[in-house]
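Only one structure is covered here, and it is reproduced in the block below.
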Amino acid sequence: MVNVKAWWQAHRPTTRRLVQLYAALLQNAHLKGFAEGKIYTGPTKAVCVPGLNCYSCPGAVGACPLGALQNAIAASANRPAFYVVGLLLLFGLTLGRVICGWLCPVGMIQELLHKVPTPKLKKNRYTRALSWLKYVILAVFAVIIPFWYSLQQYPLPAFCKYICPAGTLEGAVGLLSHPANAEKFSMLGILFTRKLLILAGVLAACVFIYRAFCRFLCPLGALYGLFARIALLGVRVDKSQCSGCGACLRACPMDVGRVGDHECIHCGECIGVCPEKAISLKAGKIVLKGPDCAPAVQRRKTQ
């Protein structure tokens, strides 16, 4: 007979998973949009959400910060991008890549896909090298190309238009799956086909590689990673207690060189495995999650 209590203790959602779920629901709270196959255009769409969540998703109640950044750069020849840059600075300085680990809907989708029982590719020197690709994508597709075309008075959010798998999944597929938008299929061309192939490749990669899009392609994660050293919230190591055993790095599924660096998403996986209890999640000097309240090591696979 199955011990229900023991099963629940082993499989219940972690705090981080619940926060991810609530964040995804809040950022896509316009459920009427899914029922009608329409994009919400209310007043909250003028405000950016912290995570990668497509503006064109039928349920989205806010704007995507990466899309807003590209649009602001594209319009920079006519007006300064103070609002978007200021908001991204606020997100980066306060939360940094905690957004990736706790608040991003695309991050949660990747983690759920990785739970599919298949052989997994472990991190290695090649994945660490590939992790720098997202910084190239940030510079080229999210900054340089939009700015270049802005000088020609032609707005072009290049990452959204040519690459973004989140936009394809949440926006294009989300809208096209509704019968009310059936006539839009005739408008699709080679650009959509290419983006659909990119989406399929990313989703497949996430089954075998932990957060493949987040690690290798996401320019928003790259942007937040620039604030790793100064963000208010994040995982911190008490160096006076650290023995340098490396247990934290071995447990981390991301391509970190040290706890809290630009690749760290502050998931807290390292807190429970540190034998010296030297790691905690902090907001400034306030401990939000320490070794005494960390999840048991045997529950890591449920995160």
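Each chain in the structure tokens gets a letter, A, B, ..., in the order shown, and its residues are numbered from 1; ligands are numbered from 1 in order too.
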
Using only C-alpha atoms, what does the table of region 181-283 of chain A residues within 10 Å of region 113-134 of chain A look like, with each row giving the shortest atom pair and its distance in Å to one decimal, sorted by chain and ascending number, as a Markdown table?
| residue | atom | partner | partner_atom | distance |
| --- | --- | --- | --- | --- |
| A:Leu203 | CA | A:Leu113 | CA | 7.5 |
| A:Ala204 | CA | A:Leu113 | CA | 8.4 |
| A:Ala205 | CA | A:His114 | CA | 8.8 |
| A:Cys206 | CA | A:His114 | CA | 5.7 |
| A:Val207 | CA | A:His114 | CA | 4.3 |
| A:Phe208 | CA | A:Lys120 | CA | 4.7 |
| A:Ile209 | CA | A:Leu121 | CA | 5.5 |
| A:Tyr210 | CA | A:His114 | CA | 6.0 |
| A:Arg211 | CA | A:His114 | CA | 7.6 |
| A:Ala212 | CA | A:Ser131 | CA | 9.2 |
| A:Phe213 | CA | A:Lys134 | CA | 8.9 |
| A:Cys214 | CA | A:Lys134 | CA | 8.4 |
| A:Arg215 | CA | A:Ser131 | CA | 5.3 |
| A:Phe216 | CA | A:Ser131 | CA | 4.6 |
| A:Leu217 | CA | A:Lys134 | CA | 4.4 |
| A:Cys218 | CA | A:Lys134 | CA | 5.5 |
| A:Pro219 | CA | A:Lys134 | CA | 5.2 |
| A:Leu220 | CA | A:Lys134 | CA | 8.6 |
| A:Gly221 | CA | A:Lys134 | CA | 8.0 |
| A:Ala222 | CA | A:Lys134 | CA | 6.0 |
| A:Leu223 | CA | A:Lys134 | CA | 9.1 |
| A:Arg250 | CA | A:Lys123 | CA | 9.6 |
| A:Cys252 | CA | A:Lys123 | CA | 9.3 |
| A:Pro253 | CA | A:Lys123 | CA | 7.1 |
| A:Met254 | CA | A:Lys123 | CA | 7.3 |
| A:Asp255 | CA | A:Arg128 | CA | 5.4 |
| A:Val256 | CA | A:Arg128 | CA | 8.0 |
| A:Gly257 | CA | A:Arg128 | CA | 9.0 |
| A:Glu263 | CA | A:Ser131 | CA | 8.0 |

message = According to DSSP computed on the backbone, where in region 15-201 of chain A is there alpha helix (DSSP H)? Give the residues as a ChimeraX atom specification.
response = /A:15-27,31-36,65-74,82-94,98,105-114,125-130,133-137,145-150,158-162,165-166,174-176,190-201

query = Could you work out how far CA of Gln110 (chain A) lies from CA of Trp8 (chain A), giving the answer in Å with one decimal?
reply = 23.2 Å

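Nearest residue to Gly171 (chain A) among A:Ala142, A:Lys239, A:Leu196, A:Leu103 is A:Leu196, counting only C-alpha atoms.
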
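Separating CA of Ala200 (chain A) from CA of Ile73 (chain A) is a distance of 29.0 Å.
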
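The residue that comes closest to Asp238 (chain A), out of A:Ile265, A:Gly290, A:Leu226, A:Thr193 and on the basis of only C-alpha atoms, is A:Gly290.
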
key: Exercise: Pro50 (chain A) partners within 12 Å, only C-alpha atoms, chain neighbours under 5 positions left out, as a ChimeraX atom specification   = /A:23-24,26-27,62-68,84,87-92,94-106,220-221,223-224

query = Leaving out Gly268 (chain A) and any residue of its chain fewer than 6 positions from it, which residues lie within 12 Å of it when counting only C-alpha atoms, given as a PyMOL selection string?
reply = chain A and resi 14-17+98+101-102+234-237+248-249+251-254+259-260+274+279-282+288-291+293-297+300+303

Once you have the residues from the selection above, write them out as a compact mmCIF listing (two decimals), in the first residue's frame, restricted to C-alpha atoms.
# COMPACT_ATOMS: atom_id res chain seq x y z
CA THR A 14 9.40 23.08 -3.60
CA THR A 15 9.03 26.71 -2.57
CA ARG A 16 10.87 27.78 -5.70
CA ARG A 17 8.58 25.76 -7.96
CA VAL A 98 17.17 35.60 -9.26
CA GLY A 101 15.69 31.11 -11.28
CA TRP A 102 12.47 32.14 -9.58
CA GLY A 234 21.12 36.45 -4.37
CA VAL A 235 22.96 33.40 -3.08
CA ARG A 236 25.97 34.37 -0.98
CA VAL A 237 28.92 32.42 0.46
CA CYS A 248 28.31 23.48 -4.39
CA LEU A 249 29.78 23.59 -7.90
CA ALA A 251 25.62 20.11 -7.39
CA CYS A 252 24.92 23.16 -9.57
CA PRO A 253 23.33 22.28 -12.93
CA MET A 254 24.36 25.64 -14.43
CA VAL A 259 28.46 30.49 -6.44
CA GLY A 260 26.71 33.75 -7.34
CA CYS A 274 27.25 22.61 1.51
CA ILE A 279 25.76 29.35 1.71
CA SER A 280 22.49 31.25 2.07
CA LEU A 281 20.04 33.26 -0.01
CA LYS A 282 20.15 36.87 1.13
CA LEU A 288 15.86 34.60 3.29
CA LYS A 289 16.92 30.99 3.03
CA GLY A 290 19.74 29.42 4.99
CA PRO A 291 21.16 25.92 5.44
CA CYS A 293 15.72 25.60 6.10
CA ALA A 294 17.24 24.29 2.84
CA PRO A 295 15.51 21.40 1.11
CA ALA A 296 16.93 17.96 1.78
CA VAL A 297 19.53 16.76 -0.70
CA ARG A 300 16.88 17.97 -5.44
CA GLN A 303 13.00 21.12 -8.15

Shell around region 31-41 of chain A at 7 Å using only C-alpha atoms, local window under 3 positions removed, as JSON, numbers by chain = {"A": [45, 56, 57, 58, 59, 60, 61, 175, 178, 180, 181]}

Could you write those residues out with C-alpha atoms, as a short mmCIF file (atom, residue, chain, number, x, y, z; two decimals), in the first residue's frame?
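Dumped to out_14.cif:
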data_model
loop_
_atom_site.label_atom_id
_atom_site.label_comp_id
_atom_site.auth_asym_id
_atom_site.auth_seq_id
_atom_site.Cartn_x
_atom_site.Cartn_y
_atom_site.Cartn_z
CA LYS A 45 0.82 46.38 -21.01
CA SER A 56 1.90 38.72 -27.82
CA CYS A 57 0.96 35.85 -25.52
CA PRO A 58 -2.86 35.90 -25.24
CA GLY A 59 -2.65 35.89 -21.46
CA ALA A 60 0.21 38.37 -21.01
CA VAL A 61 -0.72 41.38 -18.85
CA LEU A 175 -2.63 32.73 -30.96
CA HIS A 178 -7.24 29.34 -31.38
CA ALA A 180 -10.65 32.41 -34.34
CA ASN A 181 -7.19 32.99 -35.88
#

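One distance worth recording is that between CA of Pro165 (chain A) and CA of Leu188 (chain A), which is 16.1 Å.
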
inquiry  = Applying 12 Å and only C-alpha atoms, which residues near Leu156 (chain A) remain after dropping the ones on its own chain fewer than 5 positions away? List them as a PyMOL selection string.
reply    = chain A and resi 67-76+141-151+161-162
